[in-house]
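Enquirer: First, the structure itself, so that you have it in front of you.
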Protein chains: 2
Amino acid sequence: MKNSKIQNLRVYLGEISDLLHVQALLGWDQQVCMPPSGSEARGHQFATLAGIEHQRWTSPKLEKLLNAAEQETAGLDPESDEASLVRVTRRLQRKRTQVNPAWVSEFARVTAMAQDAWVEARAASNFAHFEPHLAGVIELRRDYAEFFAPFQHVYDPLLDDFEPGMKTSEVQSIFKTLRAEQVKLIKAIAAKPQVDERFLQQRFPIARQDKFGRQVVRRMGYDLKNGRIDISAHPFTTTIGRGDVRFTTQVNISDLSTCLFGNMHEAGHALYDLGIPSSLARTPLAEGASMAFHESQSRLWENLVGRSLPFWKFQYPRLQKAFPMQLGGVSLDAFYRGINLVEPSLIRVASDEATYNLHIMLRLELEIALMEGKLKVNELPEAWNARMQDYLGITPPDDARGVLQDIHWSAGSFGYFPTYALGNLVSVQLWEAMRKSIADIEEQIAQGEYAGLLGWMRENVHRHGAKYEPQRLVRRITGRPIDPAPYLNYLKTKYGAIYNL
Amino acid sequence: MKNSKIQNLRVYLGEISDLLHVQALLGWDQQVCMPPSGSEARGHQFATLAGIEHQRWTSPKLEKLLNAAEQETAGLDPESDEASLVRVTRRLQRKRTQVNPAWVSEFARVTAMAQDAWVEARAASNFAHFEPHLAGVIELRRDYAEFFAPFQHVYDPLLDDFEPGMKTSEVQSIFKTLRAEQVKLIKAIAAKPQVDERFLQQRFPIARQDKFGRQVVRRMGYDLKNGRIDISAHPFTTTIGRGDVRFTTQVNISDLSTCLFGNMHEAGHALYDLGIPSSLARTPLAEGASMAFHESQSRLWENLVGRSLPFWKFQYPRLQKAFPMQLGGVSLDAFYRGINLVEPSLIRVASDEATYNLHIMLRLELEIALMEGKLKVNELPEAWNARMQDYLGITPPDDARGVLQDIHWSAGSFGYFPTYALGNLVSVQLWEAMRKSIADIEEQIAQGEYAGLLGWMRENVHRHGAKYEPQRLVRRITGRPIDPAPYLNYLKTKYGAIYNL
């Protein structure tokens, strides 16, 4: 990127990138280090930096830089770094410029209050307390969509923030197939004898869990030279800058899964960001292709690797050595079945691979109905519970374990949920493509060798950063758009074997 | 501060304050948390935020806001918060506006390289490697002074950055008295039998040292609700925002003093910043009055409290309980003498109360001679060693333990060193003023009660923030300007008793 106009643009975008990463540090510090009395000052710091970042995105100077860079790159290969940078930057700049600044501050104000109300409402399991706040958020989200009118669907502009270029109708069509098949699958599983996972209900000393969890991510390729692992209330991964991608974890003495699979999940996110090449650093291309793509990496490591038999062929003797009292008498096969137990449950984040997507579909349907105005906010708990019964055969005993369980709506993140399910689908599509080029990938994993996997992801996914829209990137790698069939095959094969379907 | 012009100014300054605190977080994180590969990105982040902060200080908008606020506050009591805010802000804005922006980036570039060269030069004890870099730094520092011409002395504009309003001639006059008397004192001490401090040369387990050190600062009034204590290579205190003032420490298994007195020193700094009232938050008044005032607080807790007999009357039995093997057989009196051993030594940061200021005076004299051009950079090691012999009677065996020991010159911080010695003087002046209003302060301390001390400092020092220039504030509290006599009396009385002078 030596052309002068592009270089000017890069310098400008470098500062925006710095502002973004500094905000990431403010967030990381708030969750991991900040003392309680620091929160008011932190709020001011966030507001100030976000304000400066917004100014920079919407300034006439950026418009001028972009115009010049567009002229300069007009004849270039659209897949070149230069053309991609200009295209993606223009897209982001347009989106930000189309939104009224008054809306931005109003949205920040309303969601800050809505989040406080949500915390209280969930603690008291009192939806009515949250209802007016949620109504306000939804109204603002409809206003937001209007900035991008005309659109095919009112939900499109929201989805586009997380999955660039993707349409609501595409997601609905994918989910339609998925829903019917997944509901059928879990009914079939429910008719079979349940696997035994009582061995997981023991006490697993914290320090050993932490050590084992760190060993696993180190072997995955996550190096503490490039990051940190800390404890926080809700695990997350965050990029503080090139070469500094940190994640957090939870270690629960009576639950082996939280730390182990949580670490693999977050390290999957971290390895994606660490795999983006330095040539894209400090530009809007130094991101994952979309939230679904990001989730494909975390879910791939967590589930396709971490809950697979080959992985445990290597790791289980090591785990048994770490916890001889607890696991010495449990066979590899019994352990593998236990960590793959399927059971419809109330809470999304704790749900298994076979039921997870149903939690997501329920949320997407409700989000769309709310945005379309077909569902009123006060009807939401009832609609939630009806769908839970429909899809999973259970009804939440209270709203805290139902409609109030997730933070997303209070934060205004409508459009985010579907990316979790899409990420699951993409993870299996990538896996199959990888298996075609690395025939012995499962043997490698059974030897504790993950470098082949990581190398393939770096080459095919990570190195492109945000150059391609997600549907384009899936197609580039697999020849197909996002598709539910591979995921459904994967579920049926895996659980067919575990539950003798 | 409800007047509208003042309020506009405060909103503007609030964002500058946020930018400053975010830079403090970047620095804290770099020393405490950041993984090694994060340093390049961190450099960009610092540069971007410093650039934005500089723009804001030198913008026409601030000029306009200040003009309006000056009109609005023209008739107010100059000691009011409003008038003080406008006065201090104008002072800072002028200083920043007078400096050429090209100088700012050149200085950043040259000192960044000089610091790297200093690290290498010190490791190899090779002054010649550092010499050209130091020459460049000094030249830039002379250019800096020229931005503020005319001046009484070329060192004045440098000193003014750390001690607002103070003149080189004032410091020289204070130091002249101090030097003669301190040299005499340490000669008298050297003629007496040395105290025994061998009991300090034992192994003191890290975890117990940390626990004891935390107990002491908690009792001083430092609450982890408002901060954190972490480990870093060089202990420091930093304000991340109102209600979030963190410090770092070092724990050395074979040295009890580092953690204990280090904690008290840093907590002294932290309590100052935590004592600044919320009415001044997010303004340039939310700082200490000067570096010397800041150092007066840290040295007061470290030395006047931490190395005093009353303090150990309460704490020593607790320390013995924490380290029964090491200290069970050492009497309170022997312990008190041991921690107050006086011995001329090579390294400033490890030196005792009686010799410390001589290390500072030596540096000030050399800084002034370099700035005046009377000393050439290549003559510096010789001049250093000659003064060490003169004042302390020892000669460094190499430059690493001589002229290369401190980071300050490589960072361009000329003008900083004298504040350490001035802080010592102010600490005793404050102590004496406090003793007049709290007659039983030593008995309180001997009971483990430090709230009286902290309350007095809050009322007389902390609550004013940066409203007053340091000489004005000392005079306001003690009726006298900064004065060497009380400090000299303190040293003579204390060491007279310990060494039977």
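Starting from 1 in every chain, residues are counted up; chains themselves are A, B, ... following the order of the structure tokens, and ligands are numbered from 1 as listed.
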Could you give me, as a PDB file with N, CA, C and O atoms, in the first residue's frame, the residues within 7 Å of segment 381-389 of chain A, counting only C-alpha atoms and dropping anything in the same chain fewer than 3 positions from it?
Expert:
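Below you can see around-v5.pdb, which holds the result:
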```pdb
ATOM      1  N   LEU A 362     -35.498 -19.081  18.192  1.00  0.00           N
ATOM      2  CA  LEU A 362     -36.557 -18.481  19.004  1.00  0.00           C
ATOM      3  C   LEU A 362     -36.299 -16.972  19.149  1.00  0.00           C
ATOM      4  O   LEU A 362     -37.203 -16.154  18.933  1.00  0.00           O
ATOM      5  N   LEU A 392     -38.383 -26.957  22.418  1.00  0.00           N
ATOM      6  CA  LEU A 392     -37.554 -27.725  23.349  1.00  0.00           C
ATOM      7  C   LEU A 392     -38.377 -28.555  24.331  1.00  0.00           C
ATOM      8  O   LEU A 392     -37.819 -29.350  25.093  1.00  0.00           O
ATOM      9  N   GLY A 393     -39.677 -28.320  24.332  1.00  0.00           N
ATOM     10  CA  GLY A 393     -40.531 -29.121  25.209  1.00  0.00           C
ATOM     11  C   GLY A 393     -40.453 -28.749  26.677  1.00  0.00           C
ATOM     12  O   GLY A 393     -40.821 -29.548  27.532  1.00  0.00           O
ATOM     13  N   ILE A 394     -39.947 -27.570  26.965  1.00  0.00           N
ATOM     14  CA  ILE A 394     -39.903 -27.130  28.364  1.00  0.00           C
ATOM     15  C   ILE A 394     -40.402 -25.692  28.472  1.00  0.00           C
ATOM     16  O   ILE A 394     -40.358 -24.929  27.507  1.00  0.00           O
ATOM     17  N   THR A 395     -40.871 -25.342  29.673  1.00  0.00           N
ATOM     18  CA  THR A 395     -41.363 -23.983  29.908  1.00  0.00           C
ATOM     19  C   THR A 395     -40.619 -23.383  31.088  1.00  0.00           C
ATOM     20  O   THR A 395     -40.535 -24.016  32.141  1.00  0.00           O
ATOM     21  N   PRO A 396     -40.061 -22.191  30.919  1.00  0.00           N
ATOM     22  CA  PRO A 396     -39.322 -21.571  32.025  1.00  0.00           C
ATOM     23  C   PRO A 396     -40.227 -21.359  33.241  1.00  0.00           C
ATOM     24  O   PRO A 396     -41.371 -20.920  33.095  1.00  0.00           O
ATOM     25  N   ASP A 399     -39.368 -15.637  34.474  1.00  0.00           N
ATOM     26  CA  ASP A 399     -38.791 -14.865  33.366  1.00  0.00           C
ATOM     27  C   ASP A 399     -37.275 -14.704  33.480  1.00  0.00           C
ATOM     28  O   ASP A 399     -36.595 -14.502  32.474  1.00  0.00           O
ATOM     29  N   VAL A 403     -37.238 -15.109  29.292  1.00  0.00           N
ATOM     30  CA  VAL A 403     -37.051 -13.951  28.417  1.00  0.00           C
ATOM     31  C   VAL A 403     -36.028 -12.929  28.938  1.00  0.00           C
ATOM     32  O   VAL A 403     -35.499 -12.146  28.166  1.00  0.00           O
TER      33      VAL A 403
END
```
Enquirer: Skipping near chain neighbours, those fewer than 4 positions away, what residues fall within 10 Å of segment 261-269 of chain A using only C-alpha atoms, listed as a VMD selection string?
Expert: chain A and resid 210 213 to 214 216 to 218 220 to 223 229 235 to 239 245 to 251 256 to 257 273 to 274 288 293 to 303 305 to 307 454
Enquirer: Using only C-alpha atoms, find each residue in chain A having at least one atom no more than 10 Å away from chain B; report its shortest atom-to-atom pair and that distance in Å (one decimal), rows by chain then rising number, as CSV.
Expert:
```
residue,atom,partner,partner_atom,distance
A:Gly14,CA,B:His44,CA,8.4
A:Glu15,CA,B:Thr48,CA,5.9
A:Ile16,CA,B:Thr48,CA,8.9
A:Ser17,CA,B:Gln45,CA,8.8
A:Asp18,CA,B:Gln45,CA,5.1
A:Leu19,CA,B:Gln45,CA,7.3
A:Leu20,CA,B:Gln45,CA,9.6
A:His21,CA,B:Gln45,CA,8.0
A:Val22,CA,B:Gln45,CA,7.0
A:Gln23,CA,B:Val22,CA,9.1
A:Leu25,CA,B:Leu26,CA,8.0
A:Leu26,CA,B:Val22,CA,7.9
A:Asp29,CA,B:Asp29,CA,8.6
A:Cys33,CA,B:Arg228,CA,8.0
A:Met34,CA,B:Asp244,CA,7.4
A:Pro35,CA,B:Lys225,CA,5.3
A:Pro36,CA,B:Lys225,CA,5.4
A:Ser37,CA,B:Gly243,CA,4.9
A:Gly38,CA,B:Asp244,CA,4.8
A:Ser39,CA,B:Gly243,CA,8.2
A:Glu40,CA,B:Arg242,CA,7.9
A:Ala41,CA,B:Gly241,CA,5.3
A:Arg42,CA,B:Gly241,CA,7.2
A:Gly43,CA,B:Asp18,CA,9.8
A:His44,CA,B:Asp18,CA,6.8
A:Gln45,CA,B:Asp18,CA,5.1
A:Phe46,CA,B:Asp18,CA,8.7
A:Ala47,CA,B:Glu15,CA,9.0
A:Thr48,CA,B:Glu15,CA,5.9
A:Leu49,CA,B:Leu19,CA,7.9
A:Gly51,CA,B:Glu15,CA,9.9
A:Ile52,CA,B:Ile52,CA,9.2
A:Asp223,CA,B:Pro35,CA,9.7
A:Leu224,CA,B:Pro35,CA,6.8
A:Lys225,CA,B:Pro35,CA,5.3
A:Asn226,CA,B:Ser37,CA,5.4
A:Gly227,CA,B:Pro35,CA,5.5
A:Arg228,CA,B:Pro35,CA,6.9
A:Ile240,CA,B:Gly38,CA,8.0
A:Gly241,CA,B:Ala41,CA,5.3
A:Arg242,CA,B:Ala41,CA,5.9
A:Gly243,CA,B:Ser37,CA,4.9
A:Asp244,CA,B:Gly38,CA,4.8
A:Val245,CA,B:Gly38,CA,8.6
A:Arg246,CA,B:Pro35,CA,9.1
A:Ala281,CA,B:Ala41,CA,9.3
A:Arg282,CA,B:Ala41,CA,8.7
```
Enquirer: Enumerate the residues of segment 169-242 of chain B with a DSSP assignment of helix (DSSP H, G or I), computed from the backbone, and present them as a ChimeraX atom specification.
Expert: /B:169-190,198-200,206-220,224-226
Enquirer: Quick one: pull the distance between atom CA of Phe162 of chain A and atom CA of Gly415 of chain A, Å, one decimal.
Expert: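 Going from atom CA of Phe162 of chain A over to atom CA of Gly415 of chain A, I get 7.0 Å.
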Enquirer: As an exercise, work out the distance from atom CA of Met434 of chain A to atom CA of Leu178 of chain A in Å and give it to one decimal place.
Expert: 22.9 Å
Enquirer: Do a neighbour search on Pro205 of chain A at 12 Å with only C-alpha atoms, toss out local chain neighbours closer than 3 positions, and write the hits as a list in words.
Expert: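 My list of contacting residues is Gln202, Arg208, Gln209, Asp210, Lys211, Phe212, Val251, Asn252, Ile253, Ser254, Asp255, Leu256, Cys259, Ala322, Phe323, Pro324, Met325 and Gln326 of chain A.
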